[in-house]
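Scroll down for the structure; my scribbles are underneath it.
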Amino acid sequence: MTPPDYEYLRKFLKDHSGLDLSAEKHYLIESRLLPLARKSGLDGIGELVQKLKAGSALFISQVVEAMTTNETFFFRDKVPFDHFREVIMPELLQARANRKSIRIWCAAGSTGQEPYSLAMSLKEMNAALSGWRVEILATDLSQDVLEKSKAGIYSQFEVQRGLSIQMLVKYFKQTGELWQINADMRAMVHHRQLNLLHDFSQLGAFDVIFCRNVLIYFDQDRKVNIFNRLARATEPDGFLVLGAAETVVGLTDAFRPFSERRGLYRPNPLLAAPGKTLGSGAAFTKAAAAAEL
Ligand SMILES: C[S@@+](CC[C@H](N)C(=O)[O-])C[C@H]1O[C@@H](n2cnc3c(N)ncnc32)[C@H](O)[C@@H]1O
């Protein structure tokens, strides 16, 4: 790969997905884009760059998708799901007792293990949530991972990562060598393609946002911009959950960390945006038809 081609791809990826590649990631580009180049009948990265410059929307999204890292697994890192069960849901059950509805957003849900881990966690507290409307929205930049998430079908290897045998048997059905999460779990999760670099104010305000292991790949300016917009999309008494290697500290005051609760944040009340008029996402919610528990 020539240095100008590498620089072109670096800038292209930063602009289209936020991915911020350091100067020495040639191997990463080659390992992910050479297979796509071959599949598209191109003779290497040079021709791929020429085709990108020609600007076909389909090819642009294929290149962006090929460069995404979709690693995920059920109940990943455990701690965020402890926060969900021990802090987030007990607080929301009290705070939303009148309206009996909760909106949760997995902002980079990948192949579904994260939103379905939340759905299973909710199902485990079924009695407390009887009669409540709970909406889980899973979004991702990649259409491919969203399709897999919608289908909810996983290999033996994937279900062995993070799921106990009890949860597997309770919430999945085996078909041949694959496991599909049950229809009632799938009905709890709605899917939508969304690039976090773009405006997401139309989604309305959420009580809980899981945005884990995605901003880690972004540069500082984009992280700050997204955190500030996530703060406007979080209810004032709502929660943000980040990945184990991510933090807002030192980047923005829009969220405040919980002490003793790693990765858990709440919008900064001192900065509650005057223009915070996102509402309940009613238009979106109607279309999504939140699941009744
Ligand atoms: C490493 S996975 C994390 C999945 C899950 N949140 C977890 O922690 O297990 C990162 C996901 O972010 C998605 N992604 C990358 N750039 C994105 C962007 N600009 N907007 C939305 N999603 C993006 C990728 O497609 C990928 O599925």
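Lettering and numbering for the structure tokens are positional, with chains as A, B, ... in the shown order, residues counted from 1 in each chain, and ligands counted from 1 in the shown order.
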
Residues near segment 142-150 of chain A, cut-off 9 Å, only C-alpha atoms, skip fewer than 5 positions along chain, as a list of chain:residue names: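 Those residues are A:Ser61, A:Val64, A:Glu65, A:Thr68, A:Asn70, A:Gly109, A:Ser110, A:Thr111, A:Gly112, A:Gln113, A:Pro115, A:Tyr116, A:Arg186, A:Val189, A:His190, A:His191, A:Arg192, A:Gln193, A:Leu194, A:Asn195.
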
Restricting it to N, CA, C and O atoms, dump the selection as an mmCIF file, in the first residue's frame.
data_model
loop_
_atom_site.group_PDB
_atom_site.id
_atom_site.type_symbol
_atom_site.label_atom_id
_atom_site.label_comp_id
_atom_site.auth_asym_id
_atom_site.auth_seq_id
_atom_site.Cartn_x
_atom_site.Cartn_y
_atom_site.Cartn_z
ATOM 1 N N SER A 61 -20.018 1.924 1.899
ATOM 2 C CA SER A 61 -20.474 1.265 3.133
ATOM 3 C C SER A 61 -19.830 -0.112 3.297
ATOM 4 O O SER A 61 -19.585 -0.552 4.419
ATOM 5 N N VAL A 64 -16.466 0.663 4.892
ATOM 6 C CA VAL A 64 -16.639 1.070 6.289
ATOM 7 C C VAL A 64 -16.961 -0.157 7.148
ATOM 8 O O VAL A 64 -16.378 -0.371 8.214
ATOM 9 N N GLU A 65 -17.878 -0.996 6.673
ATOM 10 C CA GLU A 65 -18.280 -2.179 7.458
ATOM 11 C C GLU A 65 -17.124 -3.152 7.630
ATOM 12 O O GLU A 65 -16.947 -3.740 8.686
ATOM 13 N N THR A 68 -15.001 -2.297 10.602
ATOM 14 C CA THR A 68 -15.514 -2.221 11.976
ATOM 15 C C THR A 68 -15.084 -3.453 12.773
ATOM 16 O O THR A 68 -14.919 -4.544 12.218
ATOM 17 N N ASN A 70 -16.373 -5.904 15.517
ATOM 18 C CA ASN A 70 -17.705 -6.246 16.031
ATOM 19 C C ASN A 70 -17.663 -7.157 17.258
ATOM 20 O O ASN A 70 -18.685 -7.700 17.659
ATOM 21 N N GLY A 109 -24.736 -1.850 19.294
ATOM 22 C CA GLY A 109 -25.206 -3.143 19.804
ATOM 23 C C GLY A 109 -24.583 -4.343 19.126
ATOM 24 O O GLY A 109 -24.803 -5.481 19.550
ATOM 25 N N SER A 110 -23.856 -4.125 18.044
ATOM 26 C CA SER A 110 -23.201 -5.198 17.299
ATOM 27 C C SER A 110 -24.187 -6.343 17.012
ATOM 28 O O SER A 110 -25.331 -6.084 16.649
ATOM 29 N N THR A 111 -23.753 -7.583 17.223
ATOM 30 C CA THR A 111 -24.563 -8.727 16.802
ATOM 31 C C THR A 111 -25.647 -9.117 17.823
ATOM 32 O O THR A 111 -26.254 -10.175 17.696
ATOM 33 N N GLY A 112 -25.867 -8.277 18.828
ATOM 34 C CA GLY A 112 -27.049 -8.480 19.666
ATOM 35 C C GLY A 112 -26.800 -9.000 21.069
ATOM 36 O O GLY A 112 -27.703 -8.974 21.906
ATOM 37 N N GLN A 113 -25.583 -9.460 21.329
ATOM 38 C CA GLN A 113 -25.359 -10.050 22.656
ATOM 39 C C GLN A 113 -25.602 -9.037 23.775
ATOM 40 O O GLN A 113 -26.096 -9.400 24.845
ATOM 41 N N PRO A 115 -27.707 -6.080 23.756
ATOM 42 C CA PRO A 115 -29.135 -5.828 24.006
ATOM 43 C C PRO A 115 -29.875 -7.055 24.531
ATOM 44 O O PRO A 115 -30.768 -6.917 25.384
ATOM 45 N N TYR A 116 -29.522 -8.249 24.061
ATOM 46 C CA TYR A 116 -30.229 -9.432 24.576
ATOM 47 C C TYR A 116 -29.812 -9.746 26.019
ATOM 48 O O TYR A 116 -30.598 -10.300 26.783
ATOM 49 N N ARG A 186 -36.625 -11.607 21.406
ATOM 50 C CA ARG A 186 -36.375 -10.838 20.171
ATOM 51 C C ARG A 186 -37.373 -9.685 20.067
ATOM 52 O O ARG A 186 -37.041 -8.600 19.617
ATOM 53 N N VAL A 189 -36.414 -6.277 21.596
ATOM 54 C CA VAL A 189 -35.325 -5.454 21.053
ATOM 55 C C VAL A 189 -35.701 -4.962 19.655
ATOM 56 O O VAL A 189 -36.048 -5.752 18.784
ATOM 57 N N HIS A 190 -35.635 -3.662 19.469
ATOM 58 C CA HIS A 190 -35.877 -3.064 18.153
ATOM 59 C C HIS A 190 -34.547 -2.633 17.565
ATOM 60 O O HIS A 190 -33.641 -2.273 18.307
ATOM 61 N N HIS A 191 -34.462 -2.695 16.249
ATOM 62 C CA HIS A 191 -33.177 -2.445 15.600
ATOM 63 C C HIS A 191 -33.266 -1.276 14.634
ATOM 64 O O HIS A 191 -34.299 -1.084 13.982
ATOM 65 N N ARG A 192 -32.171 -0.587 14.518
ATOM 66 C CA ARG A 192 -32.133 0.536 13.586
ATOM 67 C C ARG A 192 -30.667 0.858 13.260
ATOM 68 O O ARG A 192 -29.825 0.873 14.155
ATOM 69 N N GLN A 193 -30.412 1.103 11.981
ATOM 70 C CA GLN A 193 -29.052 1.471 11.613
ATOM 71 C C GLN A 193 -28.800 2.923 12.016
ATOM 72 O O GLN A 193 -29.632 3.800 11.749
ATOM 73 N N LEU A 194 -27.661 3.163 12.638
ATOM 74 C CA LEU A 194 -27.363 4.540 13.051
ATOM 75 C C LEU A 194 -25.853 4.735 13.205
ATOM 76 O O LEU A 194 -25.179 3.937 13.857
ATOM 77 N N ASN A 195 -25.372 5.783 12.576
ATOM 78 C CA ASN A 195 -23.968 6.163 12.708
ATOM 79 C C ASN A 195 -23.873 7.227 13.793
ATOM 80 O O ASN A 195 -24.509 8.270 13.697
#

Contacts to ligand 1 at 10 Å cut-off (only C-alpha atoms and all ligand atoms) as a ChimeraX atom specification: /A:13-19,64-77,106-115,138-146,193-198,210-218,222,226,242-244

DSSP strand (DSSP E) residues within segment 47-189 of chain A, listed as number ranges by chain: A: 101-106, 133-140, 153-155, 172-175, 178-181, 189

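Shell of segment 84-101 of chain A at 9 Å, with only C-alpha atoms counted and residues fewer than 4 places along the chain excluded, is Val79, Pro80, Leu118, Ser121, Leu122, Met125, Ala128, Leu129, Gly131, Trp132, Arg133, Val134, Glu135, Asp207, Val208, Asp237, Gly238, Phe239 and Val241 of chain A.
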
Mind writing the picked residues with C-alpha atoms as a PDB file, in the first residue's frame?
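Output file again.pdb follows:
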ATOM      1  CA  VAL A  79     -19.876  -5.245  35.940  1.00  0.00           C
ATOM      2  CA  PRO A  80     -22.183  -3.120  33.707  1.00  0.00           C
ATOM      3  CA  LEU A 118     -30.257  -6.543  28.919  1.00  0.00           C
ATOM      4  CA  SER A 121     -31.734  -9.201  32.818  1.00  0.00           C
ATOM      5  CA  LEU A 122     -35.144  -7.517  32.555  1.00  0.00           C
ATOM      6  CA  MET A 125     -37.040  -9.173  37.183  1.00  0.00           C
ATOM      7  CA  ALA A 128     -41.327  -6.070  39.390  1.00  0.00           C
ATOM      8  CA  LEU A 129     -41.904  -5.012  35.793  1.00  0.00           C
ATOM      9  CA  GLY A 131     -47.427  -4.016  33.292  1.00  0.00           C
ATOM     10  CA  TRP A 132     -44.423  -1.840  32.367  1.00  0.00           C
ATOM     11  CA  ARG A 133     -43.454  -0.873  28.831  1.00  0.00           C
ATOM     12  CA  VAL A 134     -39.758  -1.391  28.264  1.00  0.00           C
ATOM     13  CA  GLU A 135     -38.183  -0.516  24.969  1.00  0.00           C
ATOM     14  CA  ASP A 207     -33.430   6.441  30.624  1.00  0.00           C
ATOM     15  CA  VAL A 208     -30.383   4.266  30.018  1.00  0.00           C
ATOM     16  CA  ASP A 237     -31.981  11.262  36.090  1.00  0.00           C
ATOM     17  CA  GLY A 238     -30.927   8.672  33.499  1.00  0.00           C
ATOM     18  CA  PHE A 239     -27.707   6.701  33.119  1.00  0.00           C
ATOM     19  CA  VAL A 241     -22.799   3.030  30.740  1.00  0.00           C
TER      20      VAL A 241
END

If we count only C-alpha atoms, what is near Ala254 of chain A at a cut-off of 12 Å, once residues fewer than 6 positions away on the same chain are taken out, given as a PDB file with N, CA and C atoms, in the first residue's frame?
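Here's the written file result07.pdb:
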ATOM      1  N   LYS A 223     -15.055  11.987  20.248  1.00  0.00           N
ATOM      2  CA  LYS A 223     -15.578  11.459  21.522  1.00  0.00           C
ATOM      3  C   LYS A 223     -16.335  12.556  22.267  1.00  0.00           C
ATOM      4  N   VAL A 224     -15.713  13.725  22.386  1.00  0.00           N
ATOM      5  CA  VAL A 224     -16.338  14.823  23.145  1.00  0.00           C
ATOM      6  C   VAL A 224     -17.675  15.197  22.512  1.00  0.00           C
ATOM      7  N   ASN A 225     -17.669  15.316  21.199  1.00  0.00           N
ATOM      8  CA  ASN A 225     -18.897  15.682  20.493  1.00  0.00           C
ATOM      9  C   ASN A 225     -20.001  14.656  20.766  1.00  0.00           C
ATOM     10  N   ILE A 226     -19.657  13.373  20.703  1.00  0.00           N
ATOM     11  CA  ILE A 226     -20.677  12.332  20.900  1.00  0.00           C
ATOM     12  C   ILE A 226     -21.129  12.291  22.364  1.00  0.00           C
ATOM     13  N   PHE A 227     -20.183  12.412  23.303  1.00  0.00           N
ATOM     14  CA  PHE A 227     -20.590  12.426  24.717  1.00  0.00           C
ATOM     15  C   PHE A 227     -21.572  13.572  24.975  1.00  0.00           C
ATOM     16  N   ASN A 228     -21.283  14.742  24.421  1.00  0.00           N
ATOM     17  CA  ASN A 228     -22.161  15.895  24.664  1.00  0.00           C
ATOM     18  C   ASN A 228     -23.551  15.655  24.078  1.00  0.00           C
ATOM     19  N   ARG A 229     -23.603  15.019  22.923  1.00  0.00           N
ATOM     20  CA  ARG A 229     -24.924  14.732  22.331  1.00  0.00           C
ATOM     21  C   ARG A 229     -25.618  13.600  23.082  1.00  0.00           C
ATOM     22  N   LEU A 230     -24.829  12.631  23.586  1.00  0.00           N
ATOM     23  CA  LEU A 230     -25.438  11.555  24.393  1.00  0.00           C
ATOM     24  C   LEU A 230     -26.047  12.142  25.664  1.00  0.00           C
ATOM     25  N   ALA A 231     -25.392  13.173  26.225  1.00  0.00           N
ATOM     26  CA  ALA A 231     -25.927  13.787  27.452  1.00  0.00           C
ATOM     27  C   ALA A 231     -27.294  14.402  27.163  1.00  0.00           C
ATOM     28  N   ARG A 232     -27.444  14.988  25.976  1.00  0.00           N
ATOM     29  CA  ARG A 232     -28.750  15.584  25.644  1.00  0.00           C
ATOM     30  C   ARG A 232     -29.793  14.492  25.375  1.00  0.00           C
ATOM     31  N   ALA A 233     -29.334  13.297  25.043  1.00  0.00           N
ATOM     32  CA  ALA A 233     -30.273  12.200  24.766  1.00  0.00           C
ATOM     33  C   ALA A 233     -30.555  11.351  26.010  1.00  0.00           C
ATOM     34  N   THR A 234     -29.988  11.759  27.153  1.00  0.00           N
ATOM     35  CA  THR A 234     -30.210  11.012  28.408  1.00  0.00           C
ATOM     36  C   THR A 234     -31.143  11.822  29.294  1.00  0.00           C
ATOM     37  N   PRO A 236     -32.529  13.555  32.575  1.00  0.00           N
ATOM     38  CA  PRO A 236     -31.691  14.150  33.619  1.00  0.00           C
ATOM     39  C   PRO A 236     -31.352  13.165  34.742  1.00  0.00           C
ATOM     40  N   PHE A 239     -29.048   7.273  32.908  1.00  0.00           N
ATOM     41  CA  PHE A 239     -27.707   6.701  33.119  1.00  0.00           C
ATOM     42  C   PHE A 239     -27.004   6.472  31.785  1.00  0.00           C
ATOM     43  N   LEU A 240     -25.685   6.639  31.814  1.00  0.00           N
ATOM     44  CA  LEU A 240     -24.834   6.238  30.691  1.00  0.00           C
ATOM     45  C   LEU A 240     -23.889   5.153  31.193  1.00  0.00           C
ATOM     46  N   THR A 247     -13.877   6.400  29.342  1.00  0.00           N
ATOM     47  CA  THR A 247     -14.321   7.335  30.375  1.00  0.00           C
ATOM     48  C   THR A 247     -14.644   8.687  29.753  1.00  0.00           C
ATOM     49  N   VAL A 248     -15.466   9.469  30.457  1.00  0.00           N
ATOM     50  CA  VAL A 248     -15.693  10.852  30.022  1.00  0.00           C
ATOM     51  C   VAL A 248     -14.736  11.786  30.760  1.00  0.00           C
ATOM     52  N   TYR A 265     -22.339   6.496  34.618  1.00  0.00           N
ATOM     53  CA  TYR A 265     -22.363   7.959  34.613  1.00  0.00           C
ATOM     54  C   TYR A 265     -23.806   8.463  34.616  1.00  0.00           C
ATOM     55  N   ARG A 266     -23.917   9.745  35.028  1.00  0.00           N
ATOM     56  CA  ARG A 266     -25.230  10.395  35.024  1.00  0.00           C
ATOM     57  C   ARG A 266     -25.021  11.795  34.459  1.00  0.00           C
ATOM     58  N   PRO A 267     -25.999  12.335  33.726  1.00  0.00           N
ATOM     59  CA  PRO A 267     -25.812  13.684  33.191  1.00  0.00           C
ATOM     60  C   PRO A 267     -25.518  14.674  34.314  1.00  0.00           C
ATOM     61  N   ASN A 268     -24.669  15.615  34.039  1.00  0.00           N
ATOM     62  CA  ASN A 268     -24.301  16.623  35.028  1.00  0.00           C
ATOM     63  C   ASN A 268     -25.467  17.593  35.211  1.00  0.00           C
ATOM     64  N   PRO A 269     -26.066  17.646  36.427  1.00  0.00           N
ATOM     65  CA  PRO A 269     -27.247  18.498  36.609  1.00  0.00           C
ATOM     66  C   PRO A 269     -26.921  19.973  36.392  1.00  0.00           C
ATOM     67  N   LEU A 270     -25.666  20.346  36.627  1.00  0.00           N
ATOM     68  CA  LEU A 270     -25.293  21.758  36.455  1.00  0.00           C
ATOM     69  C   LEU A 270     -25.293  22.156  34.991  1.00  0.00           C
ATOM     70  N   LEU A 271     -25.201  21.147  34.134  1.00  0.00           N
ATOM     71  CA  LEU A 271     -25.145  21.449  32.702  1.00  0.00           C
ATOM     72  C   LEU A 271     -26.411  21.018  31.981  1.00  0.00           C
ATOM     73  N   ALA A 272     -27.448  20.670  32.747  1.00  0.00           N
ATOM     74  CA  ALA A 272     -28.700  20.223  32.106  1.00  0.00           C
ATOM     75  C   ALA A 272     -29.047  21.215  31.008  1.00  0.00           C
ATOM     76  N   ALA A 273     -28.937  20.757  29.778  1.00  0.00           N
ATOM     77  CA  ALA A 273     -29.020  21.677  28.641  1.00  0.00           C
ATOM     78  C   ALA A 273     -30.348  22.399  28.608  1.00  0.00           C
TER      79      ALA A 273
END

Near-Lys53 of chain A list (10 Å; only C-alpha atoms; drop same-chain fewer than 4 positions) as a list in words: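 Returned residues: Tyr8, Phe12, Glu47, Leu48, Val49 and Ile60 of chain A.
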
Members of segment 12-208 of chain A assigned alpha helix (DSSP H) by DSSP, as a PyMOL selection string: chain A and resi 12-17+26-39+45-54+57-66+79-83+89-95+113-124+143-151+156-160+165-171+183-188

Separation of atom CA of Val63 of chain A from atom CA of Ser40 of chain A in Å: 11.0 Å
